[in-house]
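Engineer: Take this structure, written in structure tokens, and hold onto it; I'll ask about it next.
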Amino acid sequence: MTTNESTGVEKNPYAYLDRDDFTSEKYKIEIRGLPKYYGIGEFKKLLNEKLELQTCKVKPPRKGSGWLYVSFRNEENRQKAIEKLNGIQWKNSKLTAQIAKPAPDPFVKRRLEEQNINKRLKIDDSEPISVEDRIKSTTTPLWNMPYPDQLELKQKEMRSILTNICKQMLKDSKDDLLDWLNYQRNKYEGLPCELLPILSTDKNTEYRNKCEFTVGRSIDGNQAMIGFRLSSYAAGSTAVGPIDDLCHIPNKMKTVVKILEEFIRNSGLKPFQPVDHSGHWRQVTVRSTLSGDLMVIVGIHPQDLSPEQLEELRSQLKDFFETGKGAEAGVTSLHFQIMNKKSIDGENGDNFTHISGSKCIEETLLGMKFRVSPQAFFQVNTLGAEVLYKAAIDLAAPNEDTALLDICCGTGTIGLVFSKHCGEVFGLEVVEDAIKDARENAVANNVTNCEFFVGKAEDILPPVIRRTTKSNIVAVVDPPRAGLHQRALLTLRKANKLSRLVYVSCDPRAAARNLVDLARPPSKQYVGDPLVPVKAVAVDMFPHTKHCELLLCLERLSVAMKSRDLETPVTNTEPHDSS
């Protein structure tokens, strides 16, 4: 990085507090005297339900620290909290509350700490990293490793994660669960279940069907660029690197990015600057399909642009991609996204306007067609998703007497590909547009045994389970990176007809807590027979990165133990040597 990137950067790490947009650092308090053991969930209930304090965020600094931060949306709410919390007794502990100092802007703090910025861009004291290699190392860190070695590395990583999950399960296990886990651990060399060989596709380059590119400035600060951040904001950089040499991005995405870069540079509007929140151009999302559809979503912060100016900008983009130079990119669906700063009421203000072409794109997966709208979730590797879903079907082993719960269903892909293997399917998803897509996808594929519902899984799961008519329930859970909400997890666990659960995780380490809770011994909180892992398989959905999907098949402990007891004992079949 050159010093050009620092041009105009604020020198005050607290300048962000003077901006109009909301930040949770503005009205923060520090609470001390907390008990040694407590749950964040129950503490939030104390704050929001019992004391009616209207918090916006609770920030525990570290586990077991005895203190934490709580943020509010205005000074009035903050003062009210201090008055109510000071001296209150909770869990035999006396709490104190006071105004907390805001944290410094991590970007400005880092830049002020570093007098010689180039130090961060060196492999050693003498050899600087090129921008191209740096962006590759940031986005595809395994780019220079042979692909078979990547698969071996990821399989070892999955073994390590499963070993740690097994250790966590053992901590609170007892009786039958302890017996089961010890049996599995001995059988599978420290693992809680069988780990099958890792699965992958034949295509490990240009596999991404969706990319969210940042609009920013090049490393020398001289021109607008569409690409990926060279490092995190907290690391002291907002520069964007080019995508030309990234092997996981399709060439047609690279083409549309380069063409749109020229439009942005000639627009007279500057890229958005995260340091002081100035500028307009923020993000470009590109989605593509194997059949050739190409969706582009151009995201902009409106700042002080009038409705008429925004409409003129949309019109210019439409003309550019329909009849101008952008026409050569072959964009089939063009959208405009307003990306406001986070407002004081917690809404982020994002909204979409369809500009040109079709409103959605269509992808084919396992012989079925899927409608994908701008905000809908769809696996970013279509061919990889086919491998993933085939593996999920094999693990779930559904039949005509099975009711499938597709939790966090997105556009209905999992439920619809399962539909021909089971009696009925119920999909749950919080994004309304995705559910609209799922319902249209069911109609387009002549699927009549699927229903889809909008809402948080933890809220709508109980009534959906009551709608099932089959004797056996199997759930497929494909939650966000943070995992399944605790209430949804507890509902699944106590559903007696649920015999099997397939957990799809893009971050197995983060999923560990869910998996441990599903397998805990029965208690007042954890009602129902534990769900324990019986088989796992990794699917490499993200070649050249360190990420990997992991599927785990869980069964009720009583069923798993019965299956174990029915196994044929291993006997020595070698001839007996009497000598």
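Ordering of the structure tokens sets the chain letters (A, B, ...); residue numbers start at 1 within each chain; ligands are numbered from 1 in the order shown.
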Among region 425-521 of chain A, which residues does DSSP mark as helix (DSSP H, G or I) when it is run on the backbone? Keep the chain and numbering as in the structure and answer as a VMD selection string.
Structural biologist: chain A and resid 432 to 444 457 to 467 486 to 494 508 to 518
Engineer: Can you list, as a PyMOL selection string, every residue of region 286-424 of chain A that DSSP puts in strand (DSSP E or B)?
Structural biologist: chain A and resi 286-288+294-300+333-338+351-357+361-365+368-372+402-407+424
Engineer: Next, write the just-selected residues to a file, as a compact mmCIF listing (two decimals), in the first residue's frame, keeping N, CA, C and O atoms as the atom set.
Structural biologist:
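Output (again17.txt):
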```txt
# COMPACT_ATOMS: atom_id res chain seq x y z
N VAL A 286 -23.06 -9.68 -8.54
CA VAL A 286 -23.26 -10.35 -9.83
C VAL A 286 -23.64 -11.80 -9.56
O VAL A 286 -22.98 -12.50 -8.79
N ARG A 287 -24.75 -12.23 -10.20
CA ARG A 287 -25.20 -13.61 -10.10
C ARG A 287 -25.27 -14.18 -11.52
O ARG A 287 -25.73 -13.50 -12.44
N SER A 288 -24.81 -15.42 -11.69
CA SER A 288 -24.84 -16.04 -13.02
C SER A 288 -25.38 -17.45 -12.91
O SER A 288 -25.47 -18.02 -11.82
N LEU A 294 -27.35 -13.70 -16.47
CA LEU A 294 -26.42 -12.84 -15.73
C LEU A 294 -27.19 -11.71 -15.08
O LEU A 294 -27.76 -10.86 -15.76
N MET A 295 -27.21 -11.71 -13.76
CA MET A 295 -27.88 -10.65 -12.99
C MET A 295 -26.84 -9.71 -12.40
O MET A 295 -25.84 -10.16 -11.83
N VAL A 296 -27.09 -8.41 -12.52
CA VAL A 296 -26.20 -7.41 -11.94
C VAL A 296 -27.04 -6.50 -11.03
O VAL A 296 -28.09 -6.00 -11.45
N ILE A 297 -26.57 -6.31 -9.81
CA ILE A 297 -27.23 -5.43 -8.85
C ILE A 297 -26.23 -4.35 -8.46
O ILE A 297 -25.20 -4.63 -7.86
N VAL A 298 -26.52 -3.12 -8.82
CA VAL A 298 -25.62 -1.99 -8.55
C VAL A 298 -26.10 -1.28 -7.30
O VAL A 298 -27.22 -0.76 -7.24
N GLY A 299 -25.25 -1.28 -6.26
CA GLY A 299 -25.62 -0.68 -4.98
C GLY A 299 -24.98 0.68 -4.79
O GLY A 299 -23.79 0.87 -5.02
N ILE A 300 -25.78 1.65 -4.33
CA ILE A 300 -25.30 3.02 -4.19
C ILE A 300 -25.84 3.63 -2.90
O ILE A 300 -26.95 3.32 -2.46
N SER A 333 -30.51 -9.42 -16.39
CA SER A 333 -31.34 -8.92 -15.29
C SER A 333 -30.55 -7.83 -14.56
O SER A 333 -29.47 -8.10 -14.03
N LEU A 334 -31.08 -6.61 -14.56
CA LEU A 334 -30.37 -5.47 -13.98
C LEU A 334 -31.21 -4.82 -12.89
O LEU A 334 -32.39 -4.53 -13.09
N HIS A 335 -30.57 -4.60 -11.74
CA HIS A 335 -31.27 -4.03 -10.59
C HIS A 335 -30.43 -2.90 -9.98
O HIS A 335 -29.21 -2.87 -10.11
N PHE A 336 -31.12 -1.99 -9.31
CA PHE A 336 -30.50 -0.85 -8.64
C PHE A 336 -30.84 -0.98 -7.16
O PHE A 336 -32.00 -1.18 -6.79
N GLN A 337 -29.83 -0.87 -6.31
CA GLN A 337 -30.03 -1.05 -4.87
C GLN A 337 -29.61 0.20 -4.11
O GLN A 337 -28.49 0.69 -4.25
N ILE A 338 -30.54 0.73 -3.31
CA ILE A 338 -30.23 1.85 -2.42
C ILE A 338 -29.68 1.28 -1.12
O ILE A 338 -30.35 0.49 -0.45
N ASN A 351 -33.06 -1.24 -0.44
CA ASN A 351 -34.20 -1.56 -1.28
C ASN A 351 -33.76 -1.69 -2.71
O ASN A 351 -32.75 -1.12 -3.12
N PHE A 352 -34.53 -2.42 -3.49
CA PHE A 352 -34.15 -2.78 -4.85
C PHE A 352 -35.16 -2.23 -5.85
O PHE A 352 -36.36 -2.21 -5.59
N THR A 353 -34.63 -1.80 -6.99
CA THR A 353 -35.47 -1.38 -8.12
C THR A 353 -35.03 -2.16 -9.35
O THR A 353 -33.84 -2.16 -9.70
N HIS A 354 -35.99 -2.80 -9.99
CA HIS A 354 -35.68 -3.52 -11.22
C HIS A 354 -35.54 -2.50 -12.36
O HIS A 354 -36.42 -1.66 -12.57
N ILE A 355 -34.43 -2.56 -13.10
CA ILE A 355 -34.14 -1.59 -14.14
C ILE A 355 -34.38 -2.14 -15.53
O ILE A 355 -35.00 -1.51 -16.39
N SER A 356 -33.87 -3.35 -15.78
CA SER A 356 -33.87 -3.84 -17.15
C SER A 356 -33.84 -5.36 -17.17
O SER A 356 -33.39 -6.00 -16.21
N GLY A 357 -34.31 -5.95 -18.27
CA GLY A 357 -34.27 -7.40 -18.43
C GLY A 357 -35.32 -8.08 -17.56
O GLY A 357 -36.29 -7.47 -17.12
N ILE A 361 -33.43 -14.56 -12.40
CA ILE A 361 -32.71 -15.47 -13.29
C ILE A 361 -33.13 -16.89 -12.93
O ILE A 361 -33.74 -17.13 -11.89
N GLU A 362 -32.80 -17.82 -13.81
CA GLU A 362 -33.23 -19.20 -13.60
C GLU A 362 -32.04 -20.14 -13.69
O GLU A 362 -31.24 -20.06 -14.61
N GLU A 363 -31.94 -21.02 -12.69
CA GLU A 363 -30.86 -22.00 -12.65
C GLU A 363 -31.43 -23.41 -12.66
O GLU A 363 -32.54 -23.64 -12.14
N THR A 364 -30.71 -24.34 -13.25
CA THR A 364 -31.12 -25.75 -13.27
C THR A 364 -30.22 -26.54 -12.33
O THR A 364 -28.99 -26.44 -12.39
N LEU A 365 -30.85 -27.33 -11.47
CA LEU A 365 -30.12 -28.11 -10.48
C LEU A 365 -30.80 -29.46 -10.33
O LEU A 365 -32.00 -29.52 -10.03
N MET A 368 -34.08 -29.85 -12.09
CA MET A 368 -35.18 -28.95 -11.72
C MET A 368 -34.77 -27.51 -11.95
O MET A 368 -33.59 -27.15 -11.82
N LYS A 369 -35.76 -26.68 -12.30
CA LYS A 369 -35.49 -25.27 -12.56
C LYS A 369 -35.81 -24.44 -11.33
O LYS A 369 -36.83 -24.65 -10.68
N PHE A 370 -34.92 -23.48 -11.04
CA PHE A 370 -35.10 -22.65 -9.86
C PHE A 370 -35.02 -21.17 -10.21
O PHE A 370 -34.06 -20.72 -10.86
N ARG A 371 -36.03 -20.44 -9.78
CA ARG A 371 -36.10 -18.99 -9.97
C ARG A 371 -35.34 -18.33 -8.84
O ARG A 371 -35.58 -18.60 -7.66
N VAL A 372 -34.41 -17.44 -9.17
CA VAL A 372 -33.57 -16.78 -8.16
C VAL A 372 -33.75 -15.27 -8.27
O VAL A 372 -33.43 -14.67 -9.29
N THR A 402 -42.38 -40.31 4.88
CA THR A 402 -41.56 -39.27 5.50
C THR A 402 -42.12 -37.88 5.21
O THR A 402 -42.46 -37.56 4.07
N ALA A 403 -42.20 -37.07 6.26
CA ALA A 403 -42.47 -35.64 6.12
C ALA A 403 -41.14 -34.91 6.32
O ALA A 403 -40.50 -35.07 7.36
N LEU A 404 -40.72 -34.16 5.31
CA LEU A 404 -39.44 -33.46 5.39
C LEU A 404 -39.64 -32.03 5.84
O LEU A 404 -40.46 -31.29 5.27
N LEU A 405 -38.87 -31.61 6.85
CA LEU A 405 -38.82 -30.21 7.25
C LEU A 405 -37.55 -29.60 6.66
O LEU A 405 -36.45 -30.00 7.02
N ASP A 406 -37.73 -28.66 5.74
CA ASP A 406 -36.59 -27.97 5.12
C ASP A 406 -36.44 -26.63 5.82
O ASP A 406 -37.13 -25.66 5.49
N ILE A 407 -35.56 -26.58 6.80
CA ILE A 407 -35.43 -25.41 7.67
C ILE A 407 -34.33 -24.49 7.14
O ILE A 407 -33.23 -24.94 6.85
N GLU A 424 -44.20 -35.67 1.93
CA GLU A 424 -44.57 -34.25 1.99
C GLU A 424 -43.36 -33.44 2.45
O GLU A 424 -42.49 -33.94 3.16
```
Engineer: In terms of the shortest atom-to-atom distance over only C-alpha atoms, which of A:Ser278, A:Thr163, A:Thr214, A:Thr382 is closest to Glu194 (chain A)?
Structural biologist: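 Smallest separation from Glu194 (chain A) among the options: A:Thr163.
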Engineer: Using only C-alpha atoms, determine which residues lie at most 10 Å from region 77-81 of chain A, disregarding the query and same-chain residues fewer than 6 positions distant; provide the list as a ChimeraX atom specification.
Structural biologist: /A:26-29,47,51-55,70-71,97-99
Engineer: Could you write out that same residue set with N, CA, C and O atoms as a tab-separated table (two decimals), in the first residue's frame?
Structural biologist:
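Now in result.tsv:
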```tsv
chain	number	residue	atom	x	y	z
A	26	LYS	N	-22.33	5.01	20.54
A	26	LYS	CA	-22.70	6.36	20.94
A	26	LYS	C	-23.30	6.41	22.35
A	26	LYS	O	-22.97	7.28	23.14
A	27	TYR	N	-24.21	5.50	22.62
A	27	TYR	CA	-24.93	5.52	23.90
A	27	TYR	C	-24.73	4.17	24.60
A	27	TYR	O	-25.62	3.34	24.69
A	28	LYS	N	-23.51	4.02	25.12
A	28	LYS	CA	-23.09	2.73	25.68
A	28	LYS	C	-22.86	2.86	27.18
A	28	LYS	O	-22.40	3.90	27.65
A	29	ILE	N	-23.20	1.78	27.91
A	29	ILE	CA	-22.89	1.75	29.34
A	29	ILE	C	-22.08	0.50	29.64
A	29	ILE	O	-22.07	-0.46	28.87
A	47	LEU	N	-32.99	-7.18	31.22
A	47	LEU	CA	-32.91	-5.80	30.73
A	47	LEU	C	-34.17	-5.37	29.99
A	47	LEU	O	-34.73	-4.30	30.26
A	51	LEU	N	-36.97	-5.04	33.27
A	51	LEU	CA	-36.67	-3.63	33.52
A	51	LEU	C	-37.13	-2.71	32.39
A	51	LEU	O	-37.09	-1.49	32.54
A	52	GLU	N	-37.54	-3.28	31.25
A	52	GLU	CA	-38.06	-2.52	30.10
A	52	GLU	C	-37.09	-1.41	29.68
A	52	GLU	O	-37.44	-0.23	29.59
A	53	LEU	N	-35.86	-1.79	29.38
A	53	LEU	CA	-34.81	-0.80	29.10
A	53	LEU	C	-34.57	-0.51	27.61
A	53	LEU	O	-33.78	0.35	27.28
A	54	GLN	N	-35.17	-1.27	26.71
A	54	GLN	CA	-35.05	-1.00	25.27
A	54	GLN	C	-33.59	-0.94	24.80
A	54	GLN	O	-33.13	0.04	24.22
A	55	THR	N	-32.87	-2.01	25.05
A	55	THR	CA	-31.48	-2.08	24.60
A	55	THR	C	-31.43	-2.33	23.09
A	55	THR	O	-32.40	-2.82	22.50
A	70	VAL	N	-23.57	-2.54	27.27
A	70	VAL	CA	-24.92	-2.53	26.73
A	70	VAL	C	-25.13	-1.20	26.01
A	70	VAL	O	-24.80	-0.14	26.55
A	71	SER	N	-25.67	-1.25	24.81
A	71	SER	CA	-25.86	-0.04	24.00
A	71	SER	C	-27.34	0.30	23.86
A	71	SER	O	-28.20	-0.59	23.87
A	97	ALA	N	-23.61	0.27	37.13
A	97	ALA	CA	-23.68	0.72	35.73
A	97	ALA	C	-23.18	2.14	35.62
A	97	ALA	O	-23.46	2.99	36.47
A	98	GLN	N	-22.41	2.39	34.57
A	98	GLN	CA	-21.91	3.74	34.33
A	98	GLN	C	-21.70	3.94	32.83
A	98	GLN	O	-21.66	2.99	32.05
A	99	ILE	N	-21.58	5.20	32.43
A	99	ILE	CA	-21.33	5.52	31.02
A	99	ILE	C	-20.00	4.91	30.60
A	99	ILE	O	-19.00	5.00	31.32
```
Engineer: Please provide the set of residues having any atom within 9 Å of Ser200 (chain A), restricted to only C-alpha atoms, with same-chain residues fewer than 5 positions apart removed, written as a count of residues only.
Structural biologist: 9
Engineer: Taking 3 positions as the minimum chain separation for residues in the same chain, which residues sit within 7 Å of region 476-488 of chain A when counting only C-alpha atoms? Answer as a list in words.
Structural biologist: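 The filter keeps Leu405, Asp406, Ile407, Cys408, Ala457, Glu458, Leu461, Thr491, Leu492, Leu501, Val502, Tyr503, Val504, Ser505, Cys506, Asp507, Ala510, Ala511 and Asn514 of chain A.
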Engineer: At what distance in Å, to one decimal, does CA of Glu400 (chain A) lie from CA of Gly423 (chain A)?
Structural biologist: 4.4 Å
Engineer: So that I can see what lies close to region 323-325 of chain A, please list as a PyMOL selection string the residues with an atom at most 10 Å from it, counting only C-alpha atoms and leaving out residues fewer than 4 positions away in the same chain.
Structural biologist: chain A and resi 259-260+262-263+316-319+329
Engineer: Using only C-alpha atoms, which residue out of A:Asp18, A:Glu328, A:Glu206, A:Asp293 lies closest to Val256 (chain A)?
Structural biologist: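 Checking each of A:Asp18, A:Glu328, A:Glu206, A:Asp293 against Val256 (chain A), counting only C-alpha atoms, the winner is A:Glu328.
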Engineer: May I have the residues within 10 Å of region 195-198 of chain A as number ranges by chain, using only C-alpha atoms and disregarding those fewer than 4 positions away in the same chain?
Structural biologist: A: 151-152, 154-156, 158-159, 162, 188, 191, 534-540, 548-552
Engineer: Which is closest to Ala434 (chain A) among A:Asn74, A:Phe377, A:Ala512, A:Thr469, if we use only C-alpha atoms?
Structural biologist: A:Phe377
Engineer: Between CA of Thr255 (chain A) and CA of Met145 (chain A), what distance in Å does the model show, to one decimal?
Structural biologist: 26.3 Å
